[in-house]
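One file, structure-v2.tsv, is given below (TSV, C-alpha atoms).
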chain	number	residue	atom	x	y	z
D	1	MET	CA	38.76	3.98	-21.06
D	2	GLN	CA	37.86	0.39	-22.04
D	3	PRO	CA	37.95	-0.93	-18.42
D	4	ILE	CA	35.63	1.89	-17.33
D	5	LEU	CA	33.15	1.03	-20.06
D	6	ARG	CA	33.25	-2.62	-18.99
D	7	ILE	CA	32.44	-1.59	-15.42
D	8	LEU	CA	29.57	0.57	-16.63
D	9	ASP	CA	28.20	-2.11	-18.94
D	10	ALA	CA	28.29	-4.81	-16.26
D	11	ASN	CA	26.59	-2.66	-13.67
D	12	LEU	CA	23.92	-1.30	-16.00
D	13	ASN	CA	23.07	-4.91	-16.82
D	14	ARG	CA	23.01	-5.76	-13.13
D	15	ALA	CA	20.69	-2.84	-12.41
D	16	ARG	CA	18.29	-3.79	-15.23
D	17	GLU	CA	18.19	-7.42	-14.11
D	18	GLY	CA	17.49	-6.51	-10.48
D	19	LEU	CA	14.77	-4.05	-11.37
D	20	ARG	CA	13.08	-6.43	-13.80
D	21	THR	CA	12.97	-9.07	-11.05
D	22	CYS	CA	11.24	-6.54	-8.79
D	23	GLU	CA	8.79	-5.43	-11.44
D	24	GLU	CA	7.65	-9.00	-12.09
D	25	TYR	CA	7.19	-9.52	-8.35
D	26	ALA	CA	5.17	-6.30	-8.09
D	27	ARG	CA	2.96	-7.16	-11.06
D	28	LEU	CA	2.43	-10.87	-10.77
D	29	ALA	CA	3.04	-11.74	-7.11
D	30	MET	CA	1.78	-8.61	-5.34
D	31	ASN	CA	-0.67	-7.60	-8.08
D	32	ASP	CA	0.21	-4.00	-7.23
D	33	ALA	CA	0.16	-1.53	-10.10
D	34	ARG	CA	1.52	1.41	-8.13
D	35	SER	CA	4.72	-0.31	-7.03
D	36	ALA	CA	5.14	-1.83	-10.51
D	37	GLN	CA	4.99	1.68	-11.97
D	38	ALA	CA	7.56	2.88	-9.43
D	39	VAL	CA	9.97	0.14	-10.49
D	40	LYS	CA	9.30	0.91	-14.14
D	41	ALA	CA	10.21	4.55	-13.51
D	42	ALA	CA	13.58	3.41	-12.20
D	43	ARG	CA	14.09	1.19	-15.26
D	44	ARG	CA	13.36	4.14	-17.55
D	45	ALA	CA	15.99	6.19	-15.74
D	46	VAL	CA	18.51	3.35	-16.22
D	47	ALA	CA	17.70	3.31	-19.93
D	48	GLU	CA	18.30	7.06	-20.08
D	49	CYS	CA	21.72	6.58	-18.49
D	50	SER	CA	22.58	3.80	-20.93
D	51	ASP	CA	21.58	5.94	-23.91
D	52	LEU	CA	23.79	8.79	-22.71
D	53	LEU	CA	26.78	6.46	-22.43
D	54	GLY	CA	26.08	4.93	-25.83
D	55	LEU	CA	24.85	1.38	-26.20
D	56	GLU	CA	27.26	0.54	-29.04
D	57	ARG	CA	30.28	1.68	-26.99
D	58	LEU	CA	29.15	-0.36	-24.02
D	59	LEU	CA	28.57	-3.49	-26.12
D	60	SER	CA	31.92	-3.07	-27.84
D	61	ALA	CA	33.68	-3.01	-24.48
D	62	ARG	CA	31.93	-6.14	-23.22
D	63	ASN	CA	34.14	-9.21	-22.86
D	64	VAL	CA	32.30	-11.94	-21.02
D	65	ALA	CA	34.96	-14.60	-21.57
D	66	ALA	CA	37.65	-12.47	-19.94
D	67	ASP	CA	35.55	-11.49	-16.92
D	68	PRO	CA	37.00	-13.25	-13.83
D	69	GLY	CA	33.67	-12.79	-12.03
D	70	VAL	CA	31.64	-14.77	-14.56
D	71	GLN	CA	29.70	-17.71	-13.12
D	72	PRO	CA	28.55	-20.12	-15.84
D	73	GLU	CA	26.12	-21.75	-13.44
D	74	ALA	CA	23.37	-20.29	-11.28
D	75	ASP	CA	24.46	-18.37	-8.19
D	76	ASP	CA	24.69	-20.55	-5.11
D	77	VAL	CA	22.22	-18.54	-3.04
D	78	SER	CA	19.24	-19.45	-0.95
D	79	ARG	CA	16.00	-17.49	-1.12
D	80	ALA	CA	13.15	-18.57	1.11
D	81	THR	CA	10.36	-16.55	-0.53
D	82	ALA	CA	9.50	-14.55	-3.63
D	83	ARG	CA	9.79	-11.45	-1.46
D	84	ASP	CA	13.40	-12.38	-0.65
D	85	ILE	CA	14.16	-12.65	-4.36
D	86	ALA	CA	12.65	-9.24	-5.10
D	87	LEU	CA	14.38	-7.62	-2.13
D	88	ALA	CA	17.74	-8.97	-3.26
D	89	GLY	CA	16.98	-7.66	-6.74
D	90	ILE	CA	16.26	-4.10	-5.63
D	91	LYS	CA	19.36	-4.01	-3.42
D	92	ARG	CA	21.49	-5.34	-6.28
D	93	ALA	CA	20.10	-2.62	-8.56
D	94	GLN	CA	20.78	0.14	-6.05
D	95	GLU	CA	24.37	-0.98	-5.53
D	96	ALA	CA	24.98	-1.26	-9.26
D	97	LEU	CA	23.55	2.19	-9.89
D	98	ARG	CA	25.91	3.68	-7.33
D	99	VAL	CA	28.82	2.11	-9.22
D	100	VAL	CA	27.45	3.49	-12.51
D	101	GLU	CA	27.04	6.94	-10.98
D	102	GLU	CA	30.63	7.01	-9.71
D	103	PHE	CA	32.36	5.69	-12.82
D	104	SER	CA	30.19	7.69	-15.22
D	105	GLN	CA	31.87	10.80	-13.84
D	106	LEU	CA	34.88	9.75	-15.94
D	107	GLU	CA	32.83	9.32	-19.10
D	108	ASN	CA	29.73	11.48	-19.15
D	109	ARG	CA	28.50	13.71	-16.31
D	110	GLN	CA	24.98	13.69	-17.72
D	111	ALA	CA	25.00	9.90	-17.51
D	112	ALA	CA	26.17	10.17	-13.89
D	113	ALA	CA	23.22	12.44	-13.13
D	114	ALA	CA	20.85	9.97	-14.83
D	115	ALA	CA	22.32	7.14	-12.74
D	116	ALA	CA	21.70	9.14	-9.57
D	117	LYS	CA	18.12	9.75	-10.70
D	118	ALA	CA	17.68	6.02	-11.30
D	119	ARG	CA	19.15	5.17	-7.89
D	120	TYR	CA	16.76	7.47	-6.05
D	121	ALA	CA	13.88	6.12	-8.12
D	122	ALA	CA	14.94	2.64	-6.98
D	123	TYR	CA	14.83	3.80	-3.35
D	124	GLU	CA	11.27	5.05	-3.88
D	125	ALA	CA	10.31	1.82	-5.62
D	126	GLU	CA	11.68	-0.17	-2.69
D	127	GLN	CA	9.45	1.76	-0.29
D	128	GLN	CA	6.40	1.23	-2.47
D	129	LEU	CA	7.06	-2.46	-3.04
D	130	PHE	CA	8.01	-3.57	0.46
D	131	VAL	CA	5.99	-1.20	2.66
D	132	ALA	CA	3.07	0.26	0.75
D	133	ALA	CA	2.20	-2.71	-1.46
D	134	PRO	CA	1.74	-5.18	1.44
D	135	ARG	CA	-0.53	-2.64	3.10
D	136	ARG	CA	-2.58	-2.26	-0.06
D	137	GLN	CA	-2.71	-6.04	-0.37
D	138	LEU	CA	-4.03	-6.32	3.18
D	139	VAL	CA	-6.71	-3.72	2.42
D	140	ARG	CA	-7.75	-5.66	-0.69
D	141	SER	CA	-7.95	-8.96	1.16
D	142	SER	CA	-9.70	-7.72	4.33
D	143	GLN	CA	-13.45	-8.15	4.20
D	144	VAL	CA	-14.10	-6.21	7.40
D	145	MET	CA	-12.52	-2.92	8.40
D	146	VAL	CA	-13.03	-2.23	12.10
D	147	ILE	CA	-13.89	1.42	12.76
D	148	PHE	CA	-12.47	1.75	16.25
D	149	THR	CA	-13.67	4.39	18.74
D	150	ARG	CA	-12.86	3.81	22.40
D	151	SER	CA	-16.13	5.23	23.74
D	152	LEU	CA	-18.13	2.66	21.73
D	153	CYS	CA	-16.36	-0.32	23.30
D	154	ARG	CA	-18.50	-2.26	25.76
D	155	LYS	CA	-15.34	-3.57	27.41
D	156	PRO	CA	-11.99	-1.82	27.96
D	157	TRP	CA	-10.63	-1.02	24.51
D	158	PRO	CA	-7.45	-3.14	24.85
D	159	GLU	CA	-9.64	-6.14	25.66
D	160	THR	CA	-11.85	-5.44	22.64
D	161	LEU	CA	-8.82	-5.10	20.39
D	162	LYS	CA	-7.33	-8.34	21.71
D	163	ALA	CA	-10.56	-10.22	20.95
D	164	LEU	CA	-10.84	-8.82	17.42
D	165	HIS	CA	-7.18	-9.39	16.69
D	166	GLY	CA	-7.50	-12.96	17.88
D	167	ALA	CA	-10.41	-13.45	15.48
D	168	GLY	CA	-8.21	-12.36	12.58
D	169	ALA	CA	-9.01	-8.64	12.24
D	170	ARG	CA	-6.00	-6.86	10.76
D	171	LEU	CA	-7.53	-3.69	9.29
D	172	TYR	CA	-8.55	-0.86	11.62
D	173	GLN	CA	-9.58	2.75	11.21
D	174	LEU	CA	-9.19	4.79	14.38
D	175	ARG	CA	-11.90	7.42	14.73
D	176	GLU	CA	-11.69	9.75	17.74
D	177	LYS	CA	-13.66	12.86	16.87
D	178	GLU	CA	-13.68	14.24	20.40
D	179	ALA	CA	-10.02	13.67	21.23
D	180	SER	CA	-7.40	16.39	21.08
D	181	ALA	CA	-4.48	15.89	18.73
D	182	ARG	CA	-2.25	14.88	21.63
D	183	GLU	CA	-4.81	12.43	23.04
D	184	PHE	CA	-5.39	10.92	19.62
D	185	ALA	CA	-1.65	10.54	19.02
D	186	GLU	CA	-1.16	8.83	22.39
D	187	PHE	CA	-4.04	6.45	21.70
D	188	ALA	CA	-2.71	5.66	18.21
D	189	ALA	CA	0.71	4.88	19.71
D	190	ALA	CA	-0.80	2.51	22.27
D	191	PHE	CA	-3.03	0.88	19.65
D	192	THR	CA	-0.24	0.22	17.14
D	193	GLU	CA	1.97	-1.14	19.91
D	194	GLN	CA	-0.69	-3.74	20.77
D	195	ALA	CA	-1.39	-4.64	17.12
D	196	PRO	CA	1.99	-4.30	15.37
D	197	ASP	CA	0.99	-6.54	12.45
D	198	ALA	CA	-2.22	-4.63	11.69
D	199	CYS	CA	-2.82	-1.98	9.06
D	200	VAL	CA	-3.94	1.06	11.03
D	201	ILE	CA	-5.66	4.02	9.39
D	202	ILE	CA	-6.31	7.32	11.14
D	203	ASN	CA	-9.60	9.11	10.49
D	204	ASP	CA	-9.12	12.72	9.37
D	205	ARG	CA	-5.81	13.44	11.11
D	206	ALA	CA	-2.96	13.10	8.61
D	207	ASP	CA	-0.56	14.57	11.18
D	208	VAL	CA	-1.35	11.81	13.66
D	209	ALA	CA	-0.99	9.25	10.88
D	210	ALA	CA	2.44	10.62	9.97
D	211	LEU	CA	3.66	10.25	13.57
D	212	HIS	CA	2.95	6.53	13.62
D	213	GLY	CA	3.45	5.45	10.00
D	214	ALA	CA	-0.28	4.87	9.68
D	215	GLY	CA	-2.72	5.42	6.86
D	216	VAL	CA	-5.26	8.23	6.74
D	217	HIS	CA	-8.95	8.40	5.84
D	218	VAL	CA	-10.46	11.66	4.60
D	219	GLY	CA	-13.95	12.88	3.84
D	220	GLN	CA	-15.21	14.96	0.95
D	221	ASP	CA	-14.50	18.21	2.83
D	222	ASP	CA	-11.17	17.15	4.32
D	223	LEU	CA	-7.68	17.20	2.81
D	224	HIS	CA	-7.32	16.26	-0.85
D	225	PRO	CA	-6.03	12.65	-1.06
D	226	ASP	CA	-2.71	13.84	-2.55
D	227	ASP	CA	-2.25	16.32	0.28
D	228	ALA	CA	-3.16	13.69	2.87
D	229	ARG	CA	-0.51	11.35	1.47
D	230	ARG	CA	2.00	14.18	1.31
D	231	VAL	CA	1.54	14.72	5.05
D	232	ALA	CA	1.20	11.07	6.11
D	233	GLY	CA	4.00	9.82	3.85
D	234	PRO	CA	4.36	8.24	0.39
D	235	ALA	CA	3.80	4.71	1.74
D	236	ALA	CA	0.60	5.64	3.60
D	237	ILE	CA	-2.73	4.06	2.73
D	238	VAL	CA	-5.27	6.76	1.86
D	239	GLY	CA	-9.01	6.14	1.97
D	240	VAL	CA	-11.84	8.47	1.00
D	241	SER	CA	-15.49	8.65	2.09
D	242	THR	CA	-17.87	8.63	-0.88
D	243	HIS	CA	-21.63	8.69	-1.35
D	244	ASP	CA	-22.17	7.95	-5.04
D	245	VAL	CA	-20.41	6.71	-8.17
D	246	THR	CA	-19.22	10.20	-9.16
D	247	GLU	CA	-17.38	10.69	-5.88
D	248	ALA	CA	-16.06	7.12	-6.03
D	249	LEU	CA	-14.58	7.61	-9.50
D	250	ARG	CA	-13.06	10.94	-8.47
D	251	ALA	CA	-11.48	9.40	-5.37
D	252	GLU	CA	-9.90	6.63	-7.46
D	253	ALA	CA	-8.59	9.16	-10.00
D	254	GLN	CA	-7.08	11.16	-7.13
D	255	GLY	CA	-5.08	8.16	-5.96
D	256	ALA	CA	-7.21	6.73	-3.15
D	257	ASP	CA	-6.27	3.19	-2.14
D	258	TYR	CA	-9.86	2.37	-1.12
D	259	ILE	CA	-13.18	4.09	-0.63
D	260	GLY	CA	-15.85	3.97	2.04
D	261	LEU	CA	-19.33	3.98	0.46
D	262	GLY	CA	-22.39	4.94	2.47
D	263	ALA	CA	-24.29	5.35	4.50
D	264	MET	CA	-25.92	1.99	3.90
D	265	PHE	CA	-28.36	2.11	6.80
D	266	GLU	CA	-29.34	4.37	9.66
D	267	THR	CA	-26.52	4.78	12.15
D	268	GLY	CA	-26.05	6.49	15.46
D	269	THR	CA	-22.25	6.51	15.18
D	270	LYS	CA	-22.08	9.75	13.18
D	271	VAL	CA	-24.21	12.30	11.37
D	272	VAL	CA	-24.44	11.03	7.80
D	273	GLN	CA	-24.52	13.16	4.68
D	274	SER	CA	-26.89	10.79	2.93
D	275	GLN	CA	-28.26	7.28	3.29
D	276	ILE	CA	-27.83	5.64	-0.10
D	277	GLY	CA	-28.61	2.04	0.75
D	278	PRO	CA	-27.05	-1.18	-0.55
D	279	ALA	CA	-28.40	-0.67	-4.07
D	280	ALA	CA	-25.52	1.71	-4.83
D	281	ILE	CA	-22.90	-0.97	-4.24
D	282	SER	CA	-23.24	-2.83	-7.53
D	283	GLU	CA	-22.98	0.36	-9.58
D	284	VAL	CA	-19.88	1.57	-7.77
D	285	THR	CA	-18.03	-1.77	-7.67
D	286	ALA	CA	-18.61	-2.15	-11.41
D	287	ARG	CA	-16.96	1.22	-12.11
D	288	VAL	CA	-13.92	1.33	-9.81
D	289	THR	CA	-11.00	-1.04	-9.39
D	290	ILE	CA	-10.02	-0.17	-5.81
D	291	PRO	CA	-11.66	-1.80	-2.74
D	292	VAL	CA	-15.12	-0.54	-1.80
D	293	PHE	CA	-16.06	-0.78	1.88
D	294	ALA	CA	-19.77	-0.42	2.52
D	295	ILE	CA	-20.27	1.62	5.69
D	296	GLY	CA	-23.01	2.91	7.92
D	297	GLY	CA	-25.18	0.94	10.35
D	298	ILE	CA	-23.96	-2.47	9.22
D	299	THR	CA	-24.74	-5.36	11.59
D	300	PRO	CA	-24.84	-9.16	11.39
D	301	GLY	CA	-28.59	-8.77	10.84
D	302	ASN	CA	-28.36	-6.65	7.68
D	303	VAL	CA	-24.92	-7.42	6.24
D	304	ASN	CA	-26.55	-10.04	3.99
D	305	GLN	CA	-28.07	-7.12	2.07
D	306	ILE	CA	-24.55	-5.87	1.37
D	307	ALA	CA	-23.52	-9.29	0.11
D	308	SER	CA	-26.67	-9.62	-2.00
D	309	ALA	CA	-25.88	-6.30	-3.68
D	310	GLY	CA	-22.41	-7.57	-4.63
D	311	GLY	CA	-20.50	-6.08	-1.73
D	312	ARG	CA	-17.66	-8.14	-0.30
D	313	GLN	CA	-16.15	-5.60	2.10
D	314	ALA	CA	-17.67	-3.62	4.95
D	315	ALA	CA	-16.55	-1.11	7.55
D	316	VAL	CA	-18.20	-1.79	10.90
D	317	SER	CA	-18.09	0.03	14.21
D	318	SER	CA	-20.84	-0.23	16.85
D	319	ALA	CA	-21.94	-3.76	15.98
D	320	LEU	CA	-18.41	-4.96	16.78
D	321	LEU	CA	-17.24	-2.67	19.54
D	322	GLY	CA	-20.51	-2.75	21.47
D	323	ALA	CA	-20.87	-6.52	21.32
D	324	ASP	CA	-20.37	-8.71	24.35
D	325	GLN	CA	-18.43	-11.12	22.10
D	326	PRO	CA	-16.83	-8.96	19.37
D	327	ALA	CA	-14.82	-11.87	17.98
D	328	GLU	CA	-17.98	-13.86	17.37
D	329	VAL	CA	-19.65	-10.93	15.63
D	330	TYR	CA	-16.55	-10.46	13.47
D	331	ARG	CA	-16.74	-14.10	12.36
D	332	LEU	CA	-20.45	-13.76	11.59
D	333	LEU	CA	-19.77	-10.74	9.38
D	334	LEU	CA	-17.07	-12.64	7.50
D	335	ALA	CA	-19.40	-15.56	6.95
D	336	GLU	CA	-22.18	-13.35	5.59
D	337	LEU	CA	-19.84	-11.47	3.28
D	338	GLY	CA	-18.63	-14.77	1.85
D	339	GLU	CA	-15.24	-15.44	3.36
D	340	GLY	CA	-12.78	-16.72	0.76
D	341	ARG	CA	-14.98	-15.91	-2.26
Representation of the structure as C-alpha cells:
Amino acid sequence: MQPILRILDANLNRAREGLRTCEEYARLAMNDARSAQAVKAARRAVAECSDLLGLERLLSARNVAADPGVQPEADDVSRATARDIALAGIKRAQEALRVVEEFSQLENRQAAAAAAKARYAAYEAEQQLFVAAPRRQLVRSSQVMVIFTRSLCRKPWPETLKALHGAGARLYQLREKEASAREFAEFAAAFTEQAPDACVIINDRADVAALHGAGVHVGQDDLHPDDARRVAGPAAIVGVSTHDVTEALRAEAQGADYIGLGAMFETGTKVVQSQIGPAAISEVTARVTIPVFAIGGITPGNVNQIASAGGRQAAVSSALLGADQPAEVYRLLLAELGEGR
C-alpha cells in the first residue's frame, strides 16, 4: 500500500497548501472574516482526514527524491492578480481532495468520508470568497446606497440609473412596496441587466432576491436574517433596518452584512417607526463592526450632520431620484461624507 499512501500524502499536502493560500487572501487581501472562516472549516476537515489516515504512516511513505513530478524551482505559471492566485489555490485543493477521497477508499473509509466533507467545504468556501466577499467589500467601500423606487424618479428610471451609474454608484436597494411579486421580479431583472457590475439588494422580498442572485434587506418585523439568507442564497448580502444600538448589535449577531440606522430626519418616502437623529450614529458605529448606513430624509443640505456625528455611509432615496441632476447630487453626498477618508 506504499504507493497509495504516497498519493494520499502528496494530495493532502496539495490541499492544505491551496487552502492556506486562499485563507491568507481572504484575511489579508479581502479583509473578509466570513470567507476566511469558510476556508478554515475546509482546512479543519482536511486535518481530520489526515488524522484518520495517520500522520506517521503518511510521512513514512513520503519520498520526495523519488517523485518524478518534483519541481525544485518555482512553477512556471503566470498569475495576473492576487485573486487569480487564490482561485488557483482553491481549485488545486478541490482537485486534490477528490484524489484523496478516491484513494482513501483503499485505506480508510472514514478518511474518504472526511475528504468528501473537506471537498464540499472547499466548494462553499469558494462561493464565499469569490462571490460573497466581493459583494461585502463593495458594501463596505460604498459611501452612498441608492434606495431606488421607480415612482420617485423625476426622469424615466433607466435614465436615472444611467446617470447614477455613470457617477460611480454601485450599491442599490430596490424598494417597490406597491408592486406585485411578478412586477417586482420583472423590474429587478431589467435593473440588474442594465447595471451588471452593481450590488443590488431587494427590499423585503427574499424570493425576488433569490431569482436574480441579489441581496435582501429586511426590517425588524420581516424574515429573520438567517431565514432571509436561506431563501436568497448563501452568497446573498443581507441588511437589516435598525433604530437603536440594541437592534444594531442583535442584527450583527444574527449575521447581517450591514445595517440601516434611522430615521435620521423627517421623510416622506415611508412611514418611520422612530426618528432618532444623527446623534445615535456615533454610539452605534462604536459598538458594531459591520457597515452602518444612516437613512431617512438625508439630503445634500443635511448630510453634513451625518458626517459630523461620525457617519461615513448613507442610504438616500428621494434626494437622488427626484433630482434634475442625480449624478451631481450623488457627487455632493460623497464629498460631504468625506470621500476617500
Neighbours of point (23.7, 14.2, -19.1) within 8 Å, using only C-alpha atoms, written as a PyMOL selection string: chain D and resi 49+52+108-114
Nearby residues, (-7.6, 4.0, 3.0) file frame, 6 Å, all atoms listed in the file, as a PyMOL selection string: chain D and resi 217+237-239+257-258
Okay, now the selection with C-alpha atoms, as an mmCIF file, keeping the file's coordinate frame?
data_model
loop_
_atom_site.group_PDB
_atom_site.id
_atom_site.type_symbol
_atom_site.label_atom_id
_atom_site.label_comp_id
_atom_site.auth_asym_id
_atom_site.auth_seq_id
_atom_site.Cartn_x
_atom_site.Cartn_y
_atom_site.Cartn_z
ATOM 1 C CA HIS D 217 -8.950 8.400 5.840
ATOM 2 C CA ILE D 237 -2.730 4.060 2.730
ATOM 3 C CA VAL D 238 -5.270 6.760 1.860
ATOM 4 C CA GLY D 239 -9.010 6.140 1.970
ATOM 5 C CA ASP D 257 -6.270 3.190 -2.140
ATOM 6 C CA TYR D 258 -9.860 2.370 -1.120
#
Nearby residues (only C-alpha atoms) at most 7 Å from stretch 10-24 of chain D, same-chain spacing under 6 positions excluded, as a VMD selection string: chain D and resid 36 39 to 40 43 86 89 to 90 92 to 93 96 to 97 99 to 100
Stretch 227-327 of chain D near stretch 152-163 of chain D within 10 Å: what's each residue's closest atom pair and its distance in Å to one decimal, counting all atoms listed in the file, ordered by chain then ascending residue number, as a Markdown table?
| residue | atom | partner | partner_atom | distance |
| --- | --- | --- | --- | --- |
| D:Thr269 | CA | D:Leu152 | CA | 8.6 |
| D:Ser317 | CA | D:Leu152 | CA | 8.0 |
| D:Ser318 | CA | D:Leu152 | CA | 6.3 |
| D:Ala319 | CA | D:Leu152 | CA | 9.4 |
| D:Leu320 | CA | D:Cys153 | CA | 8.3 |
| D:Leu321 | CA | D:Cys153 | CA | 4.5 |
| D:Gly322 | CA | D:Arg154 | CA | 4.8 |
| D:Ala323 | CA | D:Arg154 | CA | 6.6 |
| D:Asp324 | CA | D:Arg154 | CA | 6.9 |
| D:Gln325 | CA | D:Ala163 | CA | 8.0 |
| D:Pro326 | CA | D:Ala163 | CA | 6.6 |
| D:Ala327 | CA | D:Ala163 | CA | 5.4 |
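In this structure, atom CA of D:Gln194 sits 21.4 Å away from atom CA of D:Gln143.
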Spatial neighbours of D:Pro234, 12 Å, only C-alpha atoms, chain gap at least 4 places, as a list in words: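 Here the answer would be Arg34, Ser35, Ala38, Tyr123, Glu124, Ala125, Glu126, Gln127, Gln128, Leu129, Val131, Ala132, Ala133, Ala209, Ala210, Gly213, Ala214, Gly215, Val216, Pro225, Asp226, Asp227, Ala228, Arg229, Arg230, Val238 and Gly255 of chain D.
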For D:Met145, the nearest of the candidates D:Val231, D:Ala294, D:Ala307, D:Leu106, counting only C-alpha atoms: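 Of D:Val231, D:Ala294, D:Ala307, D:Leu106, the one nearest D:Met145 is D:Ala294, counting only C-alpha atoms.
Those residues that approach D:Gly219 to within 8 Å, counting all atoms listed in the file, are Asp204, Val240, Ser241 and Thr242 of chain D; same-chain residues fewer than 6 positions away are not listed.
Residues lying within 12 Å of D:Gly301, counting all atoms listed in the file and ignoring same-chain neighbours fewer than 5 positions away, are Phe265, Ile306, Ala307, Ala319, Val329, Leu332, Leu333, Glu336 and Leu337 of chain D.
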Å distance separating atom CA of D:Tyr172 from atom CA of D:Asp32, one decimal place: 21.0 Å
Interatomic distance, atom CA of D:Ser151 to atom CA of D:Asn302 (Å, one decimal): 23.4 Å
Selected residue of minimal separation from D:Ala314 among D:Arg136, D:Ala251, D:Gly233, D:Ser142, counting only C-alpha atoms: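 So, comparing all the options, the nearest one is D:Ser142.
Closest approach to D:Ala335 among D:Arg79, D:Phe187, D:Gly260, D:Val144: D:Val144, based on only C-alpha atoms.
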Shell around D:Ile147 at 8 Å using all atoms listed in the file, local window under 4 positions removed, as a list in words: Tyr172, Gln173, Leu174, Arg175, Ala315, Val316 and Ser317 of chain D
Nearest to D:Gln305 by atom-to-atom distance, counting only C-alpha atoms, from D:Leu87, D:Met264, D:Ala179, D:Ala66: D:Met264
For D:Tyr25, the nearest of the candidates D:Arg331, D:Arg312, D:His224, D:Arg83, counting only C-alpha atoms: D:Arg83
